[in-house]
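Trainee: Okay, handing you the structure first.
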There are 2 protein chains.
Amino acid sequence: MHRFRQHLEEIISLTDEEFEQIQSFFVYKKYKKHQVILEEGDLAKNEYLVLSGLLKSSFTDADGKEHILQFAWENWWITDYNAFWKRENSILSIECLEDVEVLSLSLEDKTRLHAEFRKMEQFFLKKSNAGYVGLQKRVLSLLTNSAEKRFEQLIATYPQLLQRVPKKLIAAYLGVSRETLSRLSGK
Amino acid sequence: MHRFRQHLEEIISLTDEEFEQIQSFFVYKKYKKHQVILEEGDLAKNEYLVLSGLLKSSFTDADGKEHILQFAWENWWITDYNAFWKRENSILSIECLEDVEVLSLSLEDKTRLHAEFRKMEQFFLKKSNAGYVGLQKRVLSLLTNSAEKRFEQLIATYPQLLQRVPKKLIAAYLGVSRETLSRLSGK
């Protein structure tokens, strides 16, 4: 749990006792590569903090084409947030691209956690603000940049992505064809 | 200030005294149509809650083409959030598309407001979470949908947009050409 405490203490300071109590709200889970931890159409009961490994959340359109909303690895949070907050059925599915360890937090436990630990509310406020800014950048990038520029930006920001994620999935994240991406990445 | 209190009380409950104190953190400002309230390159010192009127935030690329990140009208919050949080120079500019009344909140005052009123932290957490979900939907729409579908979705969600915003700007928000939009909207 050392990594989890480090992750929290990037934003808030905790006593040992506070950390123990906060930790007790989370459930540790392990999944294998290719396991689907949230199916489209199911309730998104939990959000997940990734301790190790890599996941993707994606939307499959009416033609069966996959579009990737998010990759999540160490210290990223992931779920279908729209479904999570509204207790609705998920339109996304979340799949493990590697063996994965996560901490899982249900909406009920998150609500109690917020009520009991103002620090955790502050933690999630900072995370949410940062996530909002990240998505604004992504929208601007989709509006503004060519496929080539989007690819370059992505790899500059996350150099490990090319090693960890198949090209086909990077293309589905960038909104470009597999062929375009192959041309751009020189393979 | 009645509208402001209503806006806050959609999420939190306030006593008269609390509302008076909270209100004192904000500065009421009026701007005329076409006024630019944040210039690209300036520090984004404030965020703005729109009381009346309509604004846009946009990014102008190296070729001089404008891309619209956000429209904001009554009860929407707007600034260059990346610049605001990081105290960096703005890459966006924000312009009034109508005469506008806003409540302005500086980062310093927001920080004090959070510290003194946990309720306001909770308010902004809910707003931020909702904004995050809204942007996830926009990313998915940009990845998934045709120009035609994006236009239909936008007008279904915000029917007043066509009345209040010139077509050229709607095209710059959707990431389509003015010609495509004219074809889609039948004019």
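In the structure tokens, each chain is lettered A, B, ... as it comes, each chain's residues begin at 1, and ligands are numbered from 1 in order of appearance.
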Within 8 Å of chain A, which residues belong to chain B? Use only C-alpha atoms and report them as a list in words.
Mentor: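 So the residues of chain B near chain A are Phe59, Asp61, His67, Leu69, Tyr81, Asn82, Arg118, Glu121, Gln122, Phe124, Leu125, Ser128, Asn129, Gly131, Tyr132, Val133, Leu135, Gln136, Arg138, Val139, Leu140, Leu142, Leu143, Thr144, Leu174 and Gly175 of chain B.
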Trainee: Filtering to N, CA, C and O atoms, could you give me those residues as an mmCIF file, in the first residue's frame?
Mentor:
data_model
loop_
_atom_site.group_PDB
_atom_site.id
_atom_site.type_symbol
_atom_site.label_atom_id
_atom_site.label_comp_id
_atom_site.auth_asym_id
_atom_site.auth_seq_id
_atom_site.Cartn_x
_atom_site.Cartn_y
_atom_site.Cartn_z
ATOM 1 N N PHE B 59 -9.340 28.904 -29.161
ATOM 2 C CA PHE B 59 -7.911 28.793 -29.427
ATOM 3 C C PHE B 59 -7.694 29.119 -30.906
ATOM 4 O O PHE B 59 -8.404 28.605 -31.769
ATOM 5 N N ASP B 61 -5.174 28.814 -34.009
ATOM 6 C CA ASP B 61 -3.988 28.028 -34.361
ATOM 7 C C ASP B 61 -2.999 28.847 -35.197
ATOM 8 O O ASP B 61 -3.237 30.024 -35.507
ATOM 9 N N HIS B 67 -10.667 27.794 -33.112
ATOM 10 C CA HIS B 67 -11.320 26.561 -32.657
ATOM 11 C C HIS B 67 -11.979 26.867 -31.319
ATOM 12 O O HIS B 67 -11.310 27.369 -30.409
ATOM 13 N N LEU B 69 -13.479 26.054 -27.800
ATOM 14 C CA LEU B 69 -13.487 25.033 -26.752
ATOM 15 C C LEU B 69 -14.824 25.020 -26.037
ATOM 16 O O LEU B 69 -15.357 23.968 -25.722
ATOM 17 N N TYR B 81 -8.833 27.124 -17.768
ATOM 18 C CA TYR B 81 -8.595 26.463 -16.478
ATOM 19 C C TYR B 81 -7.156 25.981 -16.320
ATOM 20 O O TYR B 81 -6.607 26.002 -15.223
ATOM 21 N N ASN B 82 -6.542 25.560 -17.399
ATOM 22 C CA ASN B 82 -5.138 25.148 -17.289
ATOM 23 C C ASN B 82 -4.283 26.323 -16.812
ATOM 24 O O ASN B 82 -3.506 26.200 -15.866
ATOM 25 N N ARG B 118 -16.442 24.596 3.564
ATOM 26 C CA ARG B 118 -16.363 23.237 3.023
ATOM 27 C C ARG B 118 -17.491 22.989 2.011
ATOM 28 O O ARG B 118 -17.298 22.287 1.026
ATOM 29 N N GLU B 121 -16.377 23.849 -1.347
ATOM 30 C CA GLU B 121 -15.508 22.802 -1.896
ATOM 31 C C GLU B 121 -16.366 21.684 -2.479
ATOM 32 O O GLU B 121 -16.095 21.160 -3.565
ATOM 33 N N GLN B 122 -17.422 21.331 -1.749
ATOM 34 C CA GLN B 122 -18.314 20.268 -2.216
ATOM 35 C C GLN B 122 -19.052 20.708 -3.481
ATOM 36 O O GLN B 122 -19.240 19.915 -4.401
ATOM 37 N N PHE B 124 -17.928 22.849 -5.735
ATOM 38 C CA PHE B 124 -17.006 22.829 -6.875
ATOM 39 C C PHE B 124 -16.594 21.396 -7.249
ATOM 40 O O PHE B 124 -16.324 21.118 -8.419
ATOM 41 N N LEU B 125 -16.558 20.500 -6.282
ATOM 42 C CA LEU B 125 -16.268 19.095 -6.611
ATOM 43 C C LEU B 125 -17.360 18.528 -7.512
ATOM 44 O O LEU B 125 -17.071 17.892 -8.531
ATOM 45 N N SER B 128 -17.044 20.109 -10.918
ATOM 46 C CA SER B 128 -15.882 19.610 -11.643
ATOM 47 C C SER B 128 -16.140 18.201 -12.177
ATOM 48 O O SER B 128 -15.806 17.878 -13.315
ATOM 49 N N ASN B 129 -16.749 17.373 -11.338
ATOM 50 C CA ASN B 129 -17.080 16.016 -11.787
ATOM 51 C C ASN B 129 -18.043 16.052 -12.979
ATOM 52 O O ASN B 129 -17.882 15.297 -13.942
ATOM 53 N N GLY B 131 -18.383 18.529 -15.086
ATOM 54 C CA GLY B 131 -17.647 19.063 -16.232
ATOM 55 C C GLY B 131 -16.769 17.996 -16.874
ATOM 56 O O GLY B 131 -16.669 17.911 -18.108
ATOM 57 N N TYR B 132 -16.166 17.148 -16.041
ATOM 58 C CA TYR B 132 -15.325 16.057 -16.529
ATOM 59 C C TYR B 132 -16.156 15.093 -17.384
ATOM 60 O O TYR B 132 -15.748 14.711 -18.494
ATOM 61 N N VAL B 133 -17.322 14.745 -16.897
ATOM 62 C CA VAL B 133 -18.202 13.836 -17.636
ATOM 63 C C VAL B 133 -18.641 14.472 -18.967
ATOM 64 O O VAL B 133 -18.647 13.822 -20.008
ATOM 65 N N LEU B 135 -17.023 16.634 -20.726
ATOM 66 C CA LEU B 135 -15.902 16.613 -21.679
ATOM 67 C C LEU B 135 -15.622 15.210 -22.192
ATOM 68 O O LEU B 135 -15.233 15.034 -23.345
ATOM 69 N N GLN B 136 -15.814 14.192 -21.342
ATOM 70 C CA GLN B 136 -15.658 12.814 -21.839
ATOM 71 C C GLN B 136 -16.651 12.557 -22.972
ATOM 72 O O GLN B 136 -16.315 11.950 -23.986
ATOM 73 N N ARG B 138 -17.887 14.768 -24.949
ATOM 74 C CA ARG B 138 -17.477 15.530 -26.143
ATOM 75 C C ARG B 138 -16.342 14.812 -26.864
ATOM 76 O O ARG B 138 -16.328 14.744 -28.096
ATOM 77 N N VAL B 139 -15.375 14.273 -26.125
ATOM 78 C CA VAL B 139 -14.280 13.517 -26.747
ATOM 79 C C VAL B 139 -14.853 12.321 -27.504
ATOM 80 O O VAL B 139 -14.503 12.082 -28.666
ATOM 81 N N LEU B 140 -15.745 11.581 -26.843
ATOM 82 C CA LEU B 140 -16.346 10.409 -27.512
ATOM 83 C C LEU B 140 -17.096 10.829 -28.763
ATOM 84 O O LEU B 140 -17.016 10.151 -29.791
ATOM 85 N N LEU B 142 -16.480 13.431 -30.647
ATOM 86 C CA LEU B 142 -15.503 13.792 -31.688
ATOM 87 C C LEU B 142 -14.875 12.548 -32.305
ATOM 88 O O LEU B 142 -14.596 12.504 -33.503
ATOM 89 N N LEU B 143 -14.647 11.517 -31.475
ATOM 90 C CA LEU B 143 -14.026 10.291 -31.994
ATOM 91 C C LEU B 143 -15.006 9.472 -32.817
ATOM 92 O O LEU B 143 -14.630 8.820 -33.791
ATOM 93 N N THR B 144 -16.268 9.494 -32.412
ATOM 94 C CA THR B 144 -17.222 8.500 -32.876
ATOM 95 C C THR B 144 -18.133 8.984 -33.985
ATOM 96 O O THR B 144 -18.474 8.235 -34.899
ATOM 97 N N LEU B 174 -17.714 22.534 -33.442
ATOM 98 C CA LEU B 174 -17.889 21.130 -33.833
ATOM 99 C C LEU B 174 -16.678 20.562 -34.564
ATOM 100 O O LEU B 174 -16.546 19.347 -34.710
ATOM 101 N N GLY B 175 -15.806 21.459 -35.023
ATOM 102 C CA GLY B 175 -14.662 20.983 -35.801
ATOM 103 C C GLY B 175 -15.050 20.606 -37.224
ATOM 104 O O GLY B 175 -14.513 19.653 -37.786
#
Trainee: Using only C-alpha atoms, determine which residues lie at most 12 Å from Lys30 (chain B), disregarding the query and same-chain residues fewer than 2 positions distant; provide the list as a PyMOL selection string.
Mentor: chain B and resi 27-28+32-33+35-37+48-54+96+98-104
Trainee: Can you write just those residues out, C-alpha atoms, as a short mmCIF file (atom, residue, chain, number, x, y, z; two decimals), in the first residue's frame?
Mentor:
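part-v4.cif, written as the output of this step:
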data_model
loop_
_atom_site.label_atom_id
_atom_site.label_comp_id
_atom_site.auth_asym_id
_atom_site.auth_seq_id
_atom_site.Cartn_x
_atom_site.Cartn_y
_atom_site.Cartn_z
CA VAL B 27 -16.91 40.54 -7.91
CA TYR B 28 -19.83 41.49 -10.12
CA LYS B 32 -20.41 44.59 -23.70
CA LYS B 33 -20.88 42.32 -26.71
CA GLN B 35 -15.43 42.66 -25.44
CA VAL B 36 -12.54 40.28 -24.83
CA ILE B 37 -12.31 39.46 -21.12
CA TYR B 48 -16.25 33.60 -14.26
CA LEU B 49 -19.77 32.47 -13.49
CA VAL B 50 -22.14 33.76 -16.16
CA LEU B 51 -25.24 35.48 -14.72
CA SER B 52 -26.56 36.63 -18.10
CA GLY B 53 -25.38 36.69 -21.70
CA LEU B 54 -23.07 34.41 -23.65
CA CYS B 96 -18.47 38.14 -25.12
CA GLU B 98 -23.69 39.14 -26.12
CA ASP B 99 -23.77 41.77 -23.37
CA VAL B 100 -22.68 39.84 -20.32
CA GLU B 101 -22.97 39.92 -16.52
CA VAL B 102 -20.58 37.68 -14.60
CA LEU B 103 -19.37 36.98 -11.11
CA SER B 104 -15.60 36.91 -11.11
#
Trainee: In Å to one decimal, how far is CA of Ile11 (chain A) from CA of Ser106 (chain A)?
Mentor: 21.5 Å
Trainee: One decimal, in Å: what's the spacing between CA of Thr79 (chain A) and CA of Arg5 (chain A)?
Mentor: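 Going from CA of Thr79 (chain A) over to CA of Arg5 (chain A), I get 20.8 Å.
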Trainee: Give me, please, the distance in Å between CA of Arg150 (chain B) and CA of Gly186 (chain B), quoted to one decimal.
Mentor: 15.2 Å
Trainee: Identify all residues of region 34-159 of chain A in alpha helix (DSSP H) (DSSP on the backbone) and supply them as a PyMOL selection string.
Mentor: chain A and resi 81-86+107-116+118-144+147-157
Trainee: Residues near region 177-184 of chain B, anyone? I mean within 8 Å using only C-alpha atoms, not counting same-chain ones fewer than 2 positions away, as number ranges by chain.
Mentor: B: 147-148, 151, 167-168, 171-172, 175, 186-187
Trainee: Go ahead and write the selection's residues with all heavy atoms as a PDB file, in the first residue's frame.
Mentor:
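What ended up in out33.pdb:
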ATOM      1  N   ALA B 147     -19.887  14.550 -38.674  1.00  0.00           N
ATOM      2  CA  ALA B 147     -20.222  15.962 -38.488  1.00  0.00           C
ATOM      3  C   ALA B 147     -21.740  16.124 -38.317  1.00  0.00           C
ATOM      4  O   ALA B 147     -22.208  16.881 -37.469  1.00  0.00           O
ATOM      5  CB  ALA B 147     -19.731  16.768 -39.692  1.00  0.00           C
ATOM      6  N   GLU B 148     -22.497  15.392 -39.115  1.00  0.00           N
ATOM      7  CA  GLU B 148     -23.953  15.490 -39.085  1.00  0.00           C
ATOM      8  C   GLU B 148     -24.495  15.090 -37.709  1.00  0.00           C
ATOM      9  O   GLU B 148     -25.318  15.791 -37.110  1.00  0.00           O
ATOM     10  CB  GLU B 148     -24.525  14.566 -40.165  1.00  0.00           C
ATOM     11  CG  GLU B 148     -26.012  14.669 -40.295  1.00  0.00           C
ATOM     12  CD  GLU B 148     -26.505  13.943 -41.550  1.00  0.00           C
ATOM     13  OE1 GLU B 148     -25.653  13.328 -42.239  1.00  0.00           O
ATOM     14  OE2 GLU B 148     -27.702  13.993 -41.821  1.00  0.00           O
ATOM     15  N   PHE B 151     -23.606  17.642 -34.995  1.00  0.00           N
ATOM     16  CA  PHE B 151     -24.474  18.810 -35.089  1.00  0.00           C
ATOM     17  C   PHE B 151     -25.846  18.518 -34.485  1.00  0.00           C
ATOM     18  O   PHE B 151     -26.369  19.289 -33.673  1.00  0.00           O
ATOM     19  CB  PHE B 151     -24.609  19.243 -36.557  1.00  0.00           C
ATOM     20  CG  PHE B 151     -25.570  20.373 -36.763  1.00  0.00           C
ATOM     21  CD1 PHE B 151     -25.264  21.655 -36.338  1.00  0.00           C
ATOM     22  CD2 PHE B 151     -26.795  20.153 -37.385  1.00  0.00           C
ATOM     23  CE1 PHE B 151     -26.163  22.705 -36.526  1.00  0.00           C
ATOM     24  CE2 PHE B 151     -27.692  21.194 -37.576  1.00  0.00           C
ATOM     25  CZ  PHE B 151     -27.377  22.470 -37.135  1.00  0.00           C
ATOM     26  N   LYS B 167     -23.579  30.648 -37.156  1.00  0.00           N
ATOM     27  CA  LYS B 167     -23.220  29.326 -37.703  1.00  0.00           C
ATOM     28  C   LYS B 167     -21.705  29.100 -37.750  1.00  0.00           C
ATOM     29  O   LYS B 167     -21.216  28.012 -37.485  1.00  0.00           O
ATOM     30  CB  LYS B 167     -23.737  29.198 -39.135  1.00  0.00           C
ATOM     31  CG  LYS B 167     -25.216  29.090 -39.256  1.00  0.00           C
ATOM     32  CD  LYS B 167     -25.635  27.640 -39.225  1.00  0.00           C
ATOM     33  CE  LYS B 167     -27.137  27.545 -39.224  1.00  0.00           C
ATOM     34  NZ  LYS B 167     -27.732  28.253 -40.377  1.00  0.00           N
ATOM     35  N   LYS B 168     -21.013  30.148 -38.127  1.00  0.00           N
ATOM     36  CA  LYS B 168     -19.557  30.039 -38.265  1.00  0.00           C
ATOM     37  C   LYS B 168     -18.920  29.564 -36.950  1.00  0.00           C
ATOM     38  O   LYS B 168     -17.974  28.777 -36.944  1.00  0.00           O
ATOM     39  CB  LYS B 168     -19.013  31.424 -38.646  1.00  0.00           C
ATOM     40  CG  LYS B 168     -17.560  31.465 -38.998  1.00  0.00           C
ATOM     41  CD  LYS B 168     -17.127  32.902 -39.264  1.00  0.00           C
ATOM     42  CE  LYS B 168     -15.682  33.086 -38.890  1.00  0.00           C
ATOM     43  NZ  LYS B 168     -15.341  34.501 -38.691  1.00  0.00           N
ATOM     44  N   ALA B 171     -19.706  25.902 -36.203  1.00  0.00           N
ATOM     45  CA  ALA B 171     -18.786  25.064 -36.990  1.00  0.00           C
ATOM     46  C   ALA B 171     -17.423  24.967 -36.302  1.00  0.00           C
ATOM     47  O   ALA B 171     -16.820  23.895 -36.247  1.00  0.00           O
ATOM     48  CB  ALA B 171     -18.638  25.634 -38.404  1.00  0.00           C
ATOM     49  N   ALA B 172     -16.950  26.095 -35.744  1.00  0.00           N
ATOM     50  CA  ALA B 172     -15.647  26.114 -35.078  1.00  0.00           C
ATOM     51  C   ALA B 172     -15.666  25.328 -33.763  1.00  0.00           C
ATOM     52  O   ALA B 172     -14.630  24.905 -33.256  1.00  0.00           O
ATOM     53  CB  ALA B 172     -15.199  27.552 -34.811  1.00  0.00           C
ATOM     54  N   GLY B 175     -15.806  21.459 -35.023  1.00  0.00           N
ATOM     55  CA  GLY B 175     -14.662  20.983 -35.801  1.00  0.00           C
ATOM     56  C   GLY B 175     -15.050  20.606 -37.224  1.00  0.00           C
ATOM     57  O   GLY B 175     -14.513  19.653 -37.786  1.00  0.00           O
ATOM     58  N   GLY B 186     -29.318  23.145 -43.329  1.00  0.00           N
ATOM     59  CA  GLY B 186     -30.275  23.461 -44.382  1.00  0.00           C
ATOM     60  C   GLY B 186     -30.327  24.916 -44.794  1.00  0.00           C
ATOM     61  O   GLY B 186     -31.353  25.408 -45.221  1.00  0.00           O
ATOM     62  N   LYS B 187     -29.212  25.658 -44.576  1.00  0.00           N
ATOM     63  CA  LYS B 187     -29.206  27.072 -44.994  1.00  0.00           C
ATOM     64  C   LYS B 187     -27.878  27.400 -45.654  1.00  0.00           C
ATOM     65  O   LYS B 187     -26.837  27.085 -45.096  1.00  0.00           O
ATOM     66  CB  LYS B 187     -29.386  27.983 -43.794  1.00  0.00           C
ATOM     67  CG  LYS B 187     -30.835  28.083 -43.391  1.00  0.00           C
ATOM     68  CD  LYS B 187     -30.953  28.959 -42.142  1.00  0.00           C
ATOM     69  CE  LYS B 187     -32.237  28.666 -41.407  1.00  0.00           C
ATOM     70  NZ  LYS B 187     -32.273  29.272 -40.096  1.00  0.00           N
TER      71      LYS B 187
END
